[in-house]
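**Student:** Have a peek at target-v5.txt (compact mmCIF, C-alpha atoms).
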```txt
# COMPACT_ATOMS: atom_id res chain seq x y z
CA MET A 1 -0.60 -2.22 45.15
CA ASN A 2 -3.38 -2.84 42.60
CA ARG A 3 -2.66 -5.44 39.95
CA ALA A 4 -3.13 -4.47 36.31
CA PRO A 5 -6.21 -6.00 34.64
CA THR A 6 -5.31 -9.14 32.75
CA LEU A 7 -6.68 -11.35 30.01
CA ASP A 8 -4.55 -14.38 30.77
CA LYS A 9 -5.47 -16.43 27.71
CA TYR A 10 -4.72 -13.60 25.26
CA ARG A 11 -1.07 -12.66 24.83
CA TYR A 12 -1.44 -11.07 21.37
CA ILE A 13 -4.59 -9.05 20.69
CA VAL A 14 -5.36 -7.32 17.41
CA VAL A 15 -7.91 -4.55 16.89
CA GLU A 16 -9.03 -4.34 13.26
CA GLY A 17 -11.58 -2.61 11.08
CA PRO A 18 -11.95 -0.29 8.09
CA ILE A 19 -10.42 3.16 7.75
CA GLY A 20 -11.84 5.58 10.31
CA VAL A 21 -13.56 3.00 12.54
CA GLY A 22 -11.40 3.81 15.57
CA LYS A 23 -9.12 0.78 15.78
CA THR A 24 -6.01 2.74 16.75
CA SER A 25 -7.83 4.62 19.51
CA LEU A 26 -9.18 1.38 20.96
CA ALA A 27 -5.80 -0.36 20.65
CA ARG A 28 -4.19 2.48 22.61
CA ARG A 29 -6.88 2.36 25.28
CA LEU A 30 -6.67 -1.41 25.59
CA ALA A 31 -2.87 -1.42 25.80
CA GLU A 32 -2.96 1.26 28.48
CA HIS A 33 -5.55 -0.69 30.46
CA LEU A 34 -3.55 -3.93 30.25
CA LYS A 35 -0.14 -2.26 30.60
CA ALA A 36 0.69 -4.03 27.36
CA GLU A 37 3.11 -3.51 24.50
CA LEU A 38 1.49 -1.37 21.76
CA LEU A 39 2.14 -2.08 18.10
CA LEU A 40 0.71 0.48 15.66
CA GLU A 41 0.67 0.99 11.94
CA HIS A 42 2.35 4.16 10.74
CA PRO A 43 0.49 5.16 7.56
CA GLN A 44 2.06 8.61 7.61
CA GLU A 45 5.42 6.96 6.92
CA ASN A 46 4.23 5.51 3.61
CA PRO A 47 5.62 7.88 0.96
CA PHE A 48 3.17 6.64 -1.67
CA LEU A 49 -0.08 6.96 0.31
CA ALA A 50 -0.98 10.58 -0.50
CA ARG A 51 -0.32 9.92 -4.19
CA PHE A 52 -2.41 6.74 -3.98
CA TYR A 53 -5.51 8.67 -2.87
CA GLN A 54 -4.94 11.07 -5.76
CA ASP A 55 -4.41 8.36 -8.40
CA MET A 56 -5.14 4.85 -7.09
CA GLU A 57 -4.48 2.95 -10.28
CA ARG A 58 -1.00 4.40 -10.74
CA HIS A 59 0.26 4.17 -7.17
CA ALA A 60 -1.55 1.11 -5.78
CA LEU A 61 1.33 -1.38 -6.07
CA PRO A 62 4.09 0.61 -4.32
CA THR A 63 1.60 1.70 -1.65
CA GLN A 64 0.54 -1.87 -1.01
CA LEU A 65 4.05 -3.31 -0.95
CA PHE A 66 5.29 -0.61 1.41
CA PHE A 67 2.52 -1.44 3.87
CA LEU A 68 3.15 -5.17 3.54
CA PHE A 69 6.86 -4.87 4.33
CA GLN A 70 6.21 -2.33 7.08
CA ARG A 71 3.69 -4.59 8.82
CA PHE A 72 5.81 -7.70 8.39
CA ASN A 73 8.96 -6.04 9.73
CA GLN A 74 7.11 -4.78 12.80
CA LEU A 75 5.82 -8.27 13.58
CA ARG A 76 9.19 -9.90 12.90
CA ASN A 77 10.96 -7.47 15.21
CA LEU A 78 8.39 -8.13 17.90
CA ALA A 79 8.79 -11.89 17.61
CA GLN A 80 12.56 -11.59 17.84
CA ILE A 81 12.32 -9.93 21.26
CA ASP A 82 9.94 -12.63 22.52
CA MET A 83 6.52 -11.06 22.12
CA PHE A 84 5.00 -13.59 24.47
CA SER A 85 6.95 -12.22 27.45
CA ARG A 86 4.37 -9.43 27.59
CA VAL A 87 0.84 -8.88 26.31
CA THR A 88 0.86 -7.12 22.95
CA VAL A 89 -1.96 -5.09 21.40
CA ALA A 90 -1.77 -4.19 17.70
CA ASP A 91 -3.99 -2.15 15.39
CA PHE A 92 -3.37 -4.27 12.30
CA LEU A 93 -3.72 -7.88 11.19
CA LEU A 94 -1.28 -9.07 8.57
CA ASP A 95 -3.83 -11.60 7.28
CA LYS A 96 -6.06 -8.79 6.04
CA ASP A 97 -3.30 -7.18 3.95
CA PRO A 98 -4.45 -8.93 0.73
CA LEU A 99 -7.89 -7.37 1.18
CA PHE A 100 -6.62 -4.01 -0.07
CA ALA A 101 -4.50 -5.65 -2.75
CA ARG A 102 -7.57 -7.29 -4.27
CA LEU A 103 -9.37 -3.94 -4.29
CA THR A 104 -6.68 -1.87 -5.94
CA LEU A 105 -4.18 -3.93 -7.95
CA SER A 106 -4.33 -5.04 -11.57
CA ASN A 107 -4.17 -8.77 -12.33
CA ASP A 108 -0.42 -8.77 -13.01
CA GLU A 109 0.29 -6.64 -9.95
CA LEU A 110 -1.88 -8.87 -7.78
CA HIS A 111 -0.02 -11.96 -8.98
CA LEU A 112 3.31 -10.37 -7.98
CA TYR A 113 1.90 -9.23 -4.65
CA ARG A 114 0.57 -12.70 -3.83
CA GLN A 115 3.97 -14.26 -4.44
CA ILE A 116 5.62 -11.86 -2.00
CA TYR A 117 2.83 -12.21 0.55
CA ALA A 118 3.00 -16.02 0.41
CA THR A 119 6.70 -15.85 1.27
CA LEU A 120 6.31 -13.47 4.21
CA SER A 121 3.01 -14.33 5.87
CA PRO A 122 3.90 -17.77 7.33
CA GLN A 123 6.65 -16.09 9.38
CA ALA A 124 4.26 -13.74 11.17
CA PRO A 125 2.90 -14.62 14.66
CA ARG A 126 -0.79 -15.47 14.94
CA PRO A 127 -3.07 -13.42 17.22
CA ASP A 128 -4.90 -14.97 20.15
CA LEU A 129 -7.87 -12.65 19.66
CA VAL A 130 -9.10 -10.21 17.01
CA ILE A 131 -11.52 -7.42 17.92
CA TYR A 132 -13.20 -6.41 14.66
CA LEU A 133 -14.86 -2.98 14.73
CA GLN A 134 -17.70 -2.23 12.32
CA ALA A 135 -19.46 1.03 11.39
CA GLN A 136 -21.67 2.39 8.61
CA THR A 137 -19.97 4.15 5.69
CA GLU A 138 -21.41 7.52 6.74
CA THR A 139 -19.89 7.08 10.20
CA LEU A 140 -16.51 6.14 8.75
CA LEU A 141 -16.52 9.15 6.46
CA GLU A 142 -17.44 11.51 9.31
CA ARG A 143 -14.68 10.12 11.51
CA VAL A 144 -12.09 10.36 8.73
CA ARG A 145 -13.06 13.97 8.05
CA ARG A 146 -12.99 14.80 11.77
CA ARG A 147 -9.44 13.59 12.30
CA GLY A 148 -8.32 15.79 9.42
CA ALA A 149 -5.32 13.89 8.03
CA GLU A 150 -4.25 15.79 4.93
CA PHE A 151 -3.39 12.67 2.89
CA GLU A 152 -6.92 11.29 3.47
CA ARG A 153 -8.78 14.31 2.08
CA PRO A 154 -9.24 12.87 -1.44
CA MET A 155 -10.74 9.64 -0.05
CA SER A 156 -14.24 9.11 -1.43
CA GLU A 157 -17.35 7.75 0.23
CA ALA A 158 -17.54 5.10 -2.49
CA TYR A 159 -14.04 3.86 -1.63
CA LEU A 160 -14.87 3.70 2.07
CA ALA A 161 -18.02 1.74 1.29
CA LEU A 162 -16.02 -0.73 -0.79
CA VAL A 163 -13.45 -1.12 1.99
CA GLY A 164 -16.19 -1.69 4.58
CA GLU A 165 -17.87 -4.34 2.46
CA SER A 166 -14.54 -6.07 1.88
CA TYR A 167 -13.82 -6.18 5.61
CA ASN A 168 -17.21 -7.77 6.24
CA ARG A 169 -16.54 -10.46 3.65
CA PHE A 170 -13.05 -11.08 4.97
CA PHE A 171 -14.12 -11.58 8.57
CA TYR A 172 -17.11 -13.66 7.55
CA HIS A 173 -14.61 -16.27 6.36
CA TYR A 174 -11.73 -15.60 8.76
CA THR A 175 -10.81 -18.53 11.02
CA GLY A 176 -7.25 -17.65 12.03
CA ALA A 177 -8.17 -16.60 15.58
CA PRO A 178 -11.22 -16.02 17.81
CA VAL A 179 -13.05 -12.88 16.70
CA LEU A 180 -15.20 -10.47 18.68
CA ILE A 181 -17.27 -8.48 16.18
CA VAL A 182 -18.17 -5.08 17.61
CA ASN A 183 -20.76 -2.63 16.28
CA SER A 184 -19.01 0.64 17.13
CA GLU A 185 -21.76 3.00 15.90
CA ARG A 186 -22.90 4.03 19.38
CA LEU A 187 -19.71 3.32 21.31
CA ASN A 188 -16.92 5.68 22.34
CA PHE A 189 -14.15 3.71 24.01
CA VAL A 190 -11.90 6.73 24.59
CA ASP A 191 -14.27 9.33 26.06
CA ARG A 192 -16.82 7.06 27.75
CA PRO A 193 -15.18 4.70 30.28
CA ALA A 194 -18.44 2.80 30.69
CA ASP A 195 -18.35 1.79 27.01
CA PHE A 196 -14.80 0.52 27.36
CA GLY A 197 -15.75 -1.35 30.54
CA LEU A 198 -18.57 -3.13 28.72
CA LEU A 199 -16.25 -4.16 25.91
CA PHE A 200 -13.55 -5.37 28.27
CA ALA A 201 -16.07 -7.46 30.20
CA ARG A 202 -17.27 -8.98 26.92
CA VAL A 203 -13.71 -9.92 25.98
CA GLU A 204 -13.15 -11.51 29.39
CA ALA A 205 -16.33 -13.55 28.97
CA MET A 206 -15.54 -14.84 25.46
CA ARG A 207 -15.70 -18.60 25.09
CA GLY A 208 -16.43 -19.19 21.40
CA GLN A 209 -14.53 -18.61 18.18
CA ARG A 210 -16.89 -15.87 16.99
CA GLU A 211 -19.00 -13.60 19.17
CA PHE A 212 -20.80 -10.28 18.77
CA PHE A 213 -21.04 -7.13 20.85
CA ASN A 214 -23.67 -4.44 20.33
CA LEU A 215 -24.48 -1.70 22.83
CA GLY A 216 -27.24 -2.96 25.10
CA GLU A 217 -26.53 -6.66 24.61
```
What would you get if you wrote out this structure as structure tokens?

**Tutor:**
Amino acid sequence: MNRAPTLDKYRYIVVEGPIGVGKTSLARRLAEHLKAELLLEHPQENPFLARFYQDMERHALPTQLFFLFQRFNQLRNLAQIDMFSRVTVADFLLDKDPLFARLTLSNDELHLYRQIYATLSPQAPRPDLVIYLQAQTETLLERVRRRGAEFERPMSEAYLALVGESYNRFFYHYTGAPVLIVNSERLNFVDRPADFGLLFARVEAMRGQREFFNLGE
């Protein structure tokens, strides 16, 4: 019987990146390949999200707090059932949660958010590896439009550009885990097995705290 592919030094892998970059698709593909536990965000369960895209200033705080508690509860539940008994692949990093808060909240709201985040975040498990997917704003917008989620229709190109820039700044300074930075512009990990094979081989070969993967490298 064939053994499942393994990445022995990585028990908890996170795939991250801005809206529309393809992190959930890659997380699913990676979890399937590794026969791993899959932990996904559920944005459709956030009752404030559609209203947020219609009126960001008014609905930013409840939207942000819902996501924070949702993400934290998922990670807490996972830790309680001994997440390290099996490889886990997630499509969100709790550490990046404040990124959106800084973009959307007023000063008073941000102060409240930071107090809550500071209480919750130390209880969350730390990833062994983060795969950070990048793409140009035009690519993100095209992918968001293609997947056709109704609540995302009001999302503007300017907002996506701001989110993308914020992700770049965040991961420039991030030191919480080894990071593989992936330019996803010309990669299709779901429909082109060769692309996924190249990425998987790059993950297996990682030795440093920060490495880069572009098609052709």

**Student:** So which residues fall inside 10 Å of (1.5, 2.0, 13.5) if we count only C-alpha atoms? Mind giving them as a ChimeraX atom specification?

**Tutor:** /A:24,38-45,70-71,74,90-92

**Student:** Which residue, A:His59, A:His111, A:Arg153, A:Arg143, has the smallest gap to Ser184 (chain A) when you use all atoms listed in the file?

**Tutor:**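 Result for the nearest residue to Ser184 (chain A): A:Arg143.
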
**Student:** If I take CA of Leu140 (chain A) and CA of Val182 (chain A), how far is one from the other in Å, to one decimal?

**Tutor:** 14.4 Å

**Student:** Using all atoms listed in the file, can you tell me which of A:Asp95, A:Glu165, A:Asp8, A:Glu57 comes closest to Gln123 (chain A)?

**Tutor:**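 Among A:Asp95, A:Glu165, A:Asp8, A:Glu57, it is A:Asp95 that comes nearest to Gln123 (chain A).
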
**Student:** Need to verify the contact set: Ala50 (chain A), 12 Å, all atoms listed in the file, exclusion of same-chain residues closer than 6 positions in sequence. Can you return it as number ranges by chain?

**Tutor:** A: 43-44, 56, 58-60, 62-63, 149-155

**Student:** Pick out the closest residue to Gly164 (chain A) from this set: A:Val144, A:Val21, A:Ala124, A:Ile181. Count all atoms listed in the file.

**Tutor:**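 Under the stated criterion, the closest residue is A:Val21.
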
**Student:** Rounded to one decimal place, report the CA of Gly176 (chain A)-CA of Val130 (chain A) distance in Å.

**Tutor:**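 Separation of CA of Gly176 (chain A) and CA of Val130 (chain A): 9.1 Å.
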
**Student:** Each residue of region 32-75 of chain A lying at most 12 Å from region 192-206 of chain A should get a row with its shortest atom-to-atom pair and the distance in Å to one decimal, counting all atoms listed in the file; could you produce that, ordered by chain and increasing number, as CSV?

**Tutor:**
```
residue,atom,partner,partner_atom,distance
A:Glu32,CA,A:Phe196,CA,11.9
A:His33,CA,A:Phe200,CA,9.5
A:Leu34,CA,A:Phe200,CA,10.3
```

**Student:** With distances taken over only C-alpha atoms, which of A:Tyr159, A:His173, A:Phe48, A:Arg11 is nearest to Ala31 (chain A)?

**Tutor:**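 The closest residue to Ala31 (chain A) is A:Arg11.
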
**Student:** Please determine, counting all atoms listed in the file, which residue among A:Ala27, A:Ile13, A:Ala161, A:Leu215 has the shortest atom-to-atom distance to Val179 (chain A).

**Tutor:**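 The answer is A:Ile13, which sits nearest to Val179 (chain A).
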
**Student:** Find, counting only C-alpha atoms, the residue in A:Leu49, A:Val190, A:Thr175, A:Ile19 that gets nearest to Gly208 (chain A).

**Tutor:**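 Ranked by minimum distance to Gly208 (chain A), first place goes to A:Thr175.
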
**Student:** Please compute the CA of Lys96 (chain A)-CA of Glu16 (chain A) distance, one decimal, in Å.

**Tutor:** 9.0 Å

**Student:** Tyr113 (chain A): which residues within 10 Å, counting all atoms listed in the file, same-chain residues fewer than 3 positions away excluded, as a list in words?

**Tutor:**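 The residues that qualify are Leu61, Gln64, Leu65, Leu68, Pro98, Ala101, Arg102, Leu105, Asn107, Asp108, Glu109, Leu110, Ile116, Tyr117 and Ala118 of chain A.
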
**Student:** Please write region 72-152 of chain A of the preceding block to a file containing C-alpha atoms, as a compact mmCIF listing (two decimals), in the first residue's frame?

**Tutor:**
```
# COMPACT_ATOMS: atom_id res chain seq x y z
CA PHE A 72 -10.16 31.72 17.69
CA ASN A 73 -12.89 29.20 18.50
CA GLN A 74 -11.88 27.00 15.56
CA LEU A 75 -8.25 26.96 16.72
CA ARG A 76 -9.19 26.38 20.35
CA ASN A 77 -11.41 23.45 19.44
CA LEU A 78 -8.63 21.99 17.33
CA ALA A 79 -6.10 22.30 20.15
CA GLN A 80 -8.48 20.62 22.58
CA ILE A 81 -8.62 17.47 20.44
CA ASP A 82 -4.82 17.36 20.17
CA MET A 83 -4.11 18.96 16.82
CA PHE A 84 -0.62 17.50 16.78
CA SER A 85 -1.95 13.94 16.50
CA ARG A 86 -2.50 14.66 12.81
CA VAL A 87 -1.21 17.16 10.26
CA THR A 88 -3.52 20.16 10.00
CA VAL A 89 -3.84 22.57 7.08
CA ALA A 90 -5.69 25.87 7.58
CA ASP A 91 -6.59 28.74 5.26
CA PHE A 92 -6.24 31.46 7.90
CA LEU A 93 -3.62 32.80 10.29
CA LEU A 94 -4.91 34.35 13.48
CA ASP A 95 -1.86 36.64 13.65
CA LYS A 96 -3.04 38.50 10.55
CA ASP A 97 -6.47 39.28 12.01
CA PRO A 98 -5.39 42.78 13.17
CA LEU A 99 -4.43 43.61 9.59
CA PHE A 100 -8.07 44.10 8.62
CA ALA A 101 -8.84 45.84 11.90
CA ARG A 102 -6.23 48.51 11.18
CA LEU A 103 -7.72 49.04 7.72
CA THR A 104 -11.34 49.43 8.71
CA LEU A 105 -11.82 50.43 12.36
CA SER A 106 -11.94 53.88 13.92
CA ASN A 107 -9.42 54.71 16.65
CA ASP A 108 -11.83 53.91 19.50
CA GLU A 109 -12.98 50.69 17.83
CA LEU A 110 -9.39 49.65 17.17
CA HIS A 111 -8.49 50.20 20.83
CA LEU A 112 -11.36 47.92 21.90
CA TYR A 113 -10.45 45.32 19.29
CA ARG A 114 -6.80 45.26 20.39
CA GLN A 115 -7.79 44.60 23.99
CA ILE A 116 -9.88 41.60 22.96
CA TYR A 117 -7.24 40.32 20.54
CA ALA A 118 -4.51 40.59 23.18
CA THR A 119 -6.56 38.37 25.48
CA LEU A 120 -7.29 35.68 22.89
CA SER A 121 -4.22 35.46 20.66
CA PRO A 122 -1.73 33.95 23.17
CA GLN A 123 -4.02 30.92 23.50
CA ALA A 124 -3.89 30.06 19.80
CA PRO A 125 -1.42 27.41 18.50
CA ARG A 126 1.47 28.61 16.35
CA PRO A 127 1.92 27.28 12.80
CA ASP A 128 5.00 25.36 11.75
CA LEU A 129 4.85 26.83 8.24
CA VAL A 130 2.97 29.62 6.47
CA ILE A 131 2.54 29.57 2.69
CA TYR A 132 1.83 33.16 1.68
CA LEU A 133 0.24 33.55 -1.76
CA GLN A 134 0.65 36.83 -3.65
CA ALA A 135 -1.04 38.19 -6.79
CA GLN A 136 -1.57 41.54 -8.52
CA THR A 137 -4.74 43.48 -7.71
CA GLU A 138 -6.14 42.89 -11.20
CA THR A 139 -5.72 39.15 -10.73
CA LEU A 140 -7.40 39.23 -7.33
CA LEU A 141 -10.33 41.19 -8.71
CA GLU A 142 -10.76 38.80 -11.64
CA ARG A 143 -10.70 35.78 -9.34
CA VAL A 144 -13.20 37.35 -6.93
CA ARG A 145 -15.55 38.15 -9.80
CA ARG A 146 -15.16 34.66 -11.25
CA ARG A 147 -16.18 32.87 -8.07
CA GLY A 148 -19.33 34.99 -7.96
CA ALA A 149 -20.05 35.22 -4.23
CA GLU A 150 -23.00 37.57 -3.90
CA PHE A 151 -21.74 39.28 -0.73
CA GLU A 152 -18.46 40.16 -2.49
```
